[in-house]
$ cat coords-v5.tsv   # TSV, C-alpha atoms
chain	number	residue	atom	x	y	z
A	3	GLY	CA	162.98	152.12	159.82
A	4	ASN	CA	159.41	152.86	158.95
A	5	ASP	CA	159.60	154.61	155.59
A	6	GLY	CA	155.83	154.42	155.07
A	7	LEU	CA	155.65	151.74	152.39
A	8	ALA	CA	155.30	148.94	154.93
A	9	ALA	CA	152.82	150.99	156.97
A	10	ARG	CA	150.58	151.70	153.98
A	11	LYS	CA	147.30	149.76	154.04
A	12	ASN	CA	144.28	149.69	151.78
A	13	ARG	CA	140.60	149.42	152.53
A	14	PHE	CA	137.90	148.02	150.25
A	15	ASP	CA	136.24	150.70	148.14
A	16	PRO	CA	133.05	149.72	146.29
A	17	TYR	CA	133.73	152.03	143.35
A	18	ARG	CA	137.48	151.69	142.85
A	19	GLY	CA	138.34	148.32	144.40
A	20	PHE	CA	140.55	149.76	147.13
A	21	TRP	CA	141.65	153.07	148.63
A	22	THR	CA	144.57	153.89	150.93
A	23	THR	CA	144.01	154.40	154.65
A	24	PRO	CA	145.76	157.20	156.60
A	25	VAL	CA	149.51	156.80	157.18
A	26	SER	CA	151.97	158.88	159.14
A	27	ALA	CA	155.51	157.55	158.75
A	28	LYS	CA	158.98	159.00	158.39
A	29	TYR	CA	158.77	159.68	154.63
A	30	VAL	CA	155.18	158.87	153.63
A	31	HIS	CA	152.01	160.61	154.81
A	32	VAL	CA	148.45	159.91	153.71
A	33	ASP	CA	145.63	162.11	155.01
A	34	SER	CA	142.26	161.07	156.47
A	35	LEU	CA	140.74	161.12	152.97
A	36	GLY	CA	143.33	158.62	151.70
A	37	ARG	CA	145.29	161.21	149.70
A	38	ARG	CA	149.08	161.28	149.64
A	39	ILE	CA	150.22	164.52	151.29
A	40	THR	CA	151.78	167.02	148.91
A	41	PRO	CA	154.12	169.39	150.79
A	42	GLN	CA	153.57	172.95	149.54
A	43	PRO	CA	153.37	176.48	150.90
A	44	PRO	CA	149.90	177.66	151.97
A	45	VAL	CA	147.68	178.66	149.06
A	46	THR	CA	147.00	182.39	148.78
A	47	GLY	CA	144.33	184.44	147.03
A	48	ASP	CA	140.60	185.02	147.37
A	49	HIS	CA	139.67	182.21	144.97
A	50	PRO	CA	142.17	179.37	145.37
A	51	ARG	CA	142.25	176.74	142.65
A	52	GLN	CA	142.90	173.02	142.91
A	53	LEU	CA	144.93	170.86	140.56
A	54	PHE	CA	144.10	167.16	140.90
A	55	MET	CA	146.87	164.78	139.91
A	56	MET	CA	145.86	161.19	139.17
A	57	GLY	CA	147.66	158.03	138.20
A	58	GLY	CA	149.18	154.85	139.59
A	59	SER	CA	152.35	154.29	141.58
A	60	THR	CA	154.46	156.62	139.43
A	61	MET	CA	152.20	159.60	140.19
A	62	TRP	CA	151.58	158.48	143.79
A	63	GLY	CA	155.31	158.44	144.38
A	64	PHE	CA	156.02	154.80	145.16
A	65	SER	CA	159.39	154.57	146.95
A	66	ALA	CA	159.68	158.38	147.10
A	67	ARG	CA	159.38	160.75	150.03
A	68	ASP	CA	156.35	163.03	150.14
A	69	SER	CA	158.35	165.93	148.73
A	70	PHE	CA	160.04	163.88	145.97
A	71	ASN	CA	157.06	162.83	143.85
A	72	ILE	CA	155.52	164.35	140.72
A	73	PRO	CA	152.74	166.31	142.51
A	74	ALA	CA	155.27	167.80	144.97
A	75	TYR	CA	157.59	168.83	142.13
A	76	THR	CA	154.60	170.31	140.28
A	77	ALA	CA	153.63	172.38	143.34
A	78	LEU	CA	157.24	173.60	143.61
A	79	ALA	CA	157.39	174.49	139.90
A	80	LEU	CA	154.16	176.49	140.17
A	81	ARG	CA	155.51	178.46	143.15
A	82	GLU	CA	158.79	179.14	141.35
A	83	ARG	CA	156.72	180.69	138.55
A	84	GLY	CA	154.86	182.94	141.03
A	85	ILE	CA	151.61	180.93	140.98
A	86	THR	CA	150.49	180.92	144.62
A	87	ASP	CA	146.74	180.36	144.34
A	88	VAL	CA	146.90	176.69	143.29
A	89	GLU	CA	146.78	173.71	145.66
A	90	VAL	CA	148.14	170.49	144.16
A	91	VAL	CA	146.18	167.43	145.35
A	92	ASN	CA	147.67	163.96	144.86
A	93	LEU	CA	144.76	161.58	144.19
A	94	ALA	CA	146.92	158.85	142.68
A	95	GLN	CA	146.91	155.35	144.15
A	96	GLN	CA	149.37	152.53	143.66
A	97	ALA	CA	148.27	150.11	140.89
A	98	PHE	CA	145.41	152.35	139.73
A	99	ASN	CA	144.48	152.47	136.05
A	100	SER	CA	142.51	155.05	134.09
A	101	THR	CA	139.14	153.47	134.95
A	102	GLN	CA	139.82	153.80	138.68
A	103	GLU	CA	141.12	157.33	138.19
A	104	ALA	CA	138.01	158.42	136.25
A	105	THR	CA	135.91	156.91	139.04
A	106	THR	CA	138.00	158.80	141.62
A	107	LEU	CA	137.28	162.04	139.78
A	108	LEU	CA	133.54	161.25	139.84
A	109	VAL	CA	133.71	160.52	143.59
A	110	GLU	CA	135.50	163.84	144.19
A	111	LEU	CA	132.91	165.73	142.11
A	112	ALA	CA	130.08	164.00	143.98
A	113	HIS	CA	131.58	165.30	147.24
A	114	GLY	CA	131.66	168.85	145.87
A	115	ARG	CA	135.42	168.92	145.31
A	116	VAL	CA	135.65	170.47	141.84
A	117	PRO	CA	139.17	171.13	140.54
A	118	THR	CA	140.28	173.79	138.11
A	119	ALA	CA	142.30	171.19	136.21
A	120	VAL	CA	143.13	167.48	136.34
A	121	VAL	CA	146.34	165.78	135.19
A	122	PHE	CA	146.30	162.05	134.47
A	123	LEU	CA	149.48	159.98	134.11
A	124	ASP	CA	148.73	156.53	132.71
A	125	GLY	CA	150.32	153.72	130.80
A	126	TYR	CA	151.70	150.62	132.48
A	127	ASN	CA	148.72	149.75	134.73
A	128	ASP	CA	146.24	150.08	131.86
A	129	ILE	CA	148.34	147.87	129.60
A	130	ALA	CA	149.17	145.32	132.30
A	131	THR	CA	145.59	144.85	133.54
A	132	SER	CA	144.28	144.61	129.96
A	133	TRP	CA	146.86	141.93	129.22
A	134	LYS	CA	146.21	140.06	132.48
A	135	TYR	CA	142.40	140.05	132.21
A	136	GLY	CA	141.98	140.15	128.42
A	137	SER	CA	140.17	143.50	128.19
A	138	PRO	CA	140.53	147.06	129.55
A	139	GLY	CA	138.88	148.41	132.69
A	140	HIS	CA	139.84	145.70	135.16
A	141	THR	CA	141.61	146.34	138.45
A	142	TYR	CA	144.53	144.52	140.01
A	143	GLY	CA	143.39	141.92	142.51
A	144	GLU	CA	139.76	141.85	141.48
A	145	GLU	CA	139.75	138.05	141.76
A	146	SER	CA	140.53	138.26	145.49
A	147	THR	CA	137.69	140.75	145.94
A	148	GLN	CA	135.37	138.29	144.19
A	149	GLN	CA	136.61	135.51	146.49
A	150	GLN	CA	135.70	137.61	149.52
A	151	ILE	CA	132.22	138.24	148.09
A	152	ASP	CA	131.83	134.53	147.33
A	153	LEU	CA	132.76	133.64	150.91
A	154	GLY	CA	129.67	135.50	152.07
A	155	THR	CA	127.38	133.53	149.73
A	156	ARG	CA	128.33	129.99	150.78
A	157	LYS	CA	126.26	128.11	153.28
A	158	PHE	CA	127.71	125.95	156.07
A	159	TRP	CA	128.58	122.94	153.91
A	160	GLY	CA	130.10	125.18	151.25
A	161	GLU	CA	132.34	126.76	153.88
A	162	LEU	CA	133.32	123.33	155.18
A	163	VAL	CA	134.16	122.12	151.67
A	164	GLY	CA	136.15	125.32	151.06
A	165	LEU	CA	138.14	124.75	154.23
A	166	GLY	CA	138.72	121.17	153.16
A	167	ARG	CA	141.42	122.27	150.77
A	168	HIS	CA	143.51	123.12	153.82
A	169	ALA	CA	142.66	120.53	156.45
A	170	GLU	CA	142.99	116.77	156.14
A	171	VAL	CA	140.36	116.09	158.81
A	172	VAL	CA	137.81	118.19	156.91
A	173	GLN	CA	138.64	116.30	153.70
A	174	ARG	CA	138.04	112.98	155.48
A	175	LEU	CA	134.74	114.24	156.90
A	176	GLN	CA	133.73	115.48	153.46
A	177	ALA	CA	134.44	112.02	151.94
A	178	ALA	CA	132.63	110.19	154.76
A	179	MET	CA	129.52	112.34	154.24
A	180	GLY	CA	129.55	111.92	150.46
A	181	LEU	CA	130.20	115.58	149.76
A	182	ASN	CA	133.01	115.06	147.26
A	183	ASP	CA	130.60	115.11	144.33
A	184	ARG	CA	128.79	118.29	145.43
A	185	GLU	CA	129.51	121.81	144.24
A	186	PRO	CA	131.35	123.93	146.86
A	187	ASN	CA	128.67	126.67	146.79
A	188	VAL	CA	125.88	124.54	148.28
$ encode --input "coords-v5.tsv" --output "structure tokens"
Amino acid sequence: GNDGLAARKNRFDPYRGFWTTPVSAKYVHVDSLGRRITPQPPVTGDHPRQLFMMGGSTMWGFSARDSFNIPAYTALALRERGITDVEVVNLAQQAFNSTQEATTLLVELAHGRVPTAVVFLDGYNDIATSWKYGSPGHTYGEESTQQQIDLGTRKFWGELVGLGRHAEVVQRLQAAMGLNDREPNV
């Protein structure tokens, strides 16, 4: 069945690397703003407050139903304590680290969405990306984003040479034209 994990797709985001597109599946729902839906009773009160929850897959709720992730449990715990004027907003994204989360907060503020409080849950993604790339602040998959950017900067012969890694006929043409000694970005 379609539990939502297979249906989930990302789009390029210039500030954060990627952002989730809307999903409506059996167990996973992502709204038009790319936020994981947090099931909760309607917010009451004249001045409702928002609690932003940010993190990677643990906060997003990877492999969990909408109502079985940390933001959903937080919303439930607030209601059980009689707090009905707080909307919990799940702004986590799978594989995000603290740099992407801080950027997400800035994007939200720039759009006029100012929370009363923000909770960050970090650890693994910050450590793993720092280890993988040698310093903090990097995002998973940034090399593939750079490859896509580089594709747009190559001229015809650069594209042909790039394709040559995958096609024998292009490799033969490249050799016949004396392009083997040229840089691929020409």
$ atom_distance --input "coords-v5.tsv" --atom1 "atom CA of A:Ala74" --atom2 "atom CA of A:Pro41"
6.1 Å
$ closest_residue --input "coords-v5.tsv" --among "A:Thr106, A:Asn127, A:Thr86, A:Gln95" --to "A:Gly47" --atoms "all atoms listed in the file"
A:Thr86
$ closest_residue --input "coords-v5.tsv" --among "A:Val30, A:Ile85, A:Ala177, A:Ala94" --to "A:Asp68" --atoms "only C-alpha atoms"
A:Val30
$ atom_distance --input "coords-v5.tsv" --atom1 "atom CA of A:Arg81" --atom2 "atom CA of A:Arg38"
19.5 Å
$ residues_near_point --input "coords-v5.tsv" --point "(143.0, 170.2, 144.1)" --cutoff "10 Å" --atoms "only C-alpha atoms" --output "ChimeraX atom specification"
/A:50-55,88-93,110,115-120
$ write_last_selection --input "coords-v5.tsv" --atoms "C-alpha atoms" --output "mmCIF file, in the coordinates of the input"
data_model
loop_
_atom_site.group_PDB
_atom_site.id
_atom_site.type_symbol
_atom_site.label_atom_id
_atom_site.label_comp_id
_atom_site.auth_asym_id
_atom_site.auth_seq_id
_atom_site.Cartn_x
_atom_site.Cartn_y
_atom_site.Cartn_z
ATOM 1 C CA PRO A 50 142.170 179.370 145.370
ATOM 2 C CA ARG A 51 142.250 176.740 142.650
ATOM 3 C CA GLN A 52 142.900 173.020 142.910
ATOM 4 C CA LEU A 53 144.930 170.860 140.560
ATOM 5 C CA PHE A 54 144.100 167.160 140.900
ATOM 6 C CA MET A 55 146.870 164.780 139.910
ATOM 7 C CA VAL A 88 146.900 176.690 143.290
ATOM 8 C CA GLU A 89 146.780 173.710 145.660
ATOM 9 C CA VAL A 90 148.140 170.490 144.160
ATOM 10 C CA VAL A 91 146.180 167.430 145.350
ATOM 11 C CA ASN A 92 147.670 163.960 144.860
ATOM 12 C CA LEU A 93 144.760 161.580 144.190
ATOM 13 C CA GLU A 110 135.500 163.840 144.190
ATOM 14 C CA ARG A 115 135.420 168.920 145.310
ATOM 15 C CA VAL A 116 135.650 170.470 141.840
ATOM 16 C CA PRO A 117 139.170 171.130 140.540
ATOM 17 C CA THR A 118 140.280 173.790 138.110
ATOM 18 C CA ALA A 119 142.300 171.190 136.210
ATOM 19 C CA VAL A 120 143.130 167.480 136.340
#
$ closest_residue --input "coords-v5.tsv" --among "A:Ser59, A:Thr131, A:Gln42, A:Thr141" --to "A:Gln96" --atoms "all atoms listed in the file"
A:Ser59
$ atom_distance --input "coords-v5.tsv" --atom1 "atom CA of A:Gly58" --atom2 "atom CA of A:Lys28"
21.6 Å
$ closest_residue --input "coords-v5.tsv" --among "A:His140, A:His49, A:Arg13, A:Arg67" --to "A:Leu35" --atoms "only C-alpha atoms"
A:Arg13
$ residues_around --input "coords-v5.tsv" --residues "A:Tyr17" --least-positions-apart "4" --cutoff "9 Å" --atoms "only C-alpha atoms" --output "list of chain:residue names"
A:Gln102, A:Thr105, A:Thr106, A:Val109
$ write_last_selection --input "coords-v5.tsv" --atoms "C-alpha atoms" --output "mmCIF file, keeping the file's coordinate frame"
data_model
loop_
_atom_site.group_PDB
_atom_site.id
_atom_site.type_symbol
_atom_site.label_atom_id
_atom_site.label_comp_id
_atom_site.auth_asym_id
_atom_site.auth_seq_id
_atom_site.Cartn_x
_atom_site.Cartn_y
_atom_site.Cartn_z
ATOM 1 C CA GLN A 102 139.820 153.800 138.680
ATOM 2 C CA THR A 105 135.910 156.910 139.040
ATOM 3 C CA THR A 106 138.000 158.800 141.620
ATOM 4 C CA VAL A 109 133.710 160.520 143.590
#
$ closest_residue --input "coords-v5.tsv" --among "A:Tyr75, A:Phe98, A:Tyr126, A:Trp133" --to "A:Trp21" --atoms "all atoms listed in the file"
A:Phe98
$ closest_residue --input "coords-v5.tsv" --among "A:Ala97, A:Asp124, A:Leu78, A:Asp48" --to "A:Glu144" --atoms "all atoms listed in the file"
A:Ala97
$ residues_near_point --input "coords-v5.tsv" --point "(158.8, 159.1, 148.3)" --cutoff "10 Å" --atoms "all atoms listed in the file" --output "list in words"
Asp5, Gly6, Leu7, Tyr29, Val30, His31, Trp62, Gly63, Phe64, Ser65, Ala66, Arg67, Asp68, Ser69, Phe70, Asn71, Ile72 and Ala74 of chain A
$ axis_aligned_box --input "coords-v5.tsv" --around "stretch 74-81 of chain A" --padding-each-side "6 Å" --output "JSON"
{"center_x": 155.6, "center_y": 173.1, "center_z": 142.4, "size_x": 16.0, "size_y": 22.7, "size_z": 17.1}
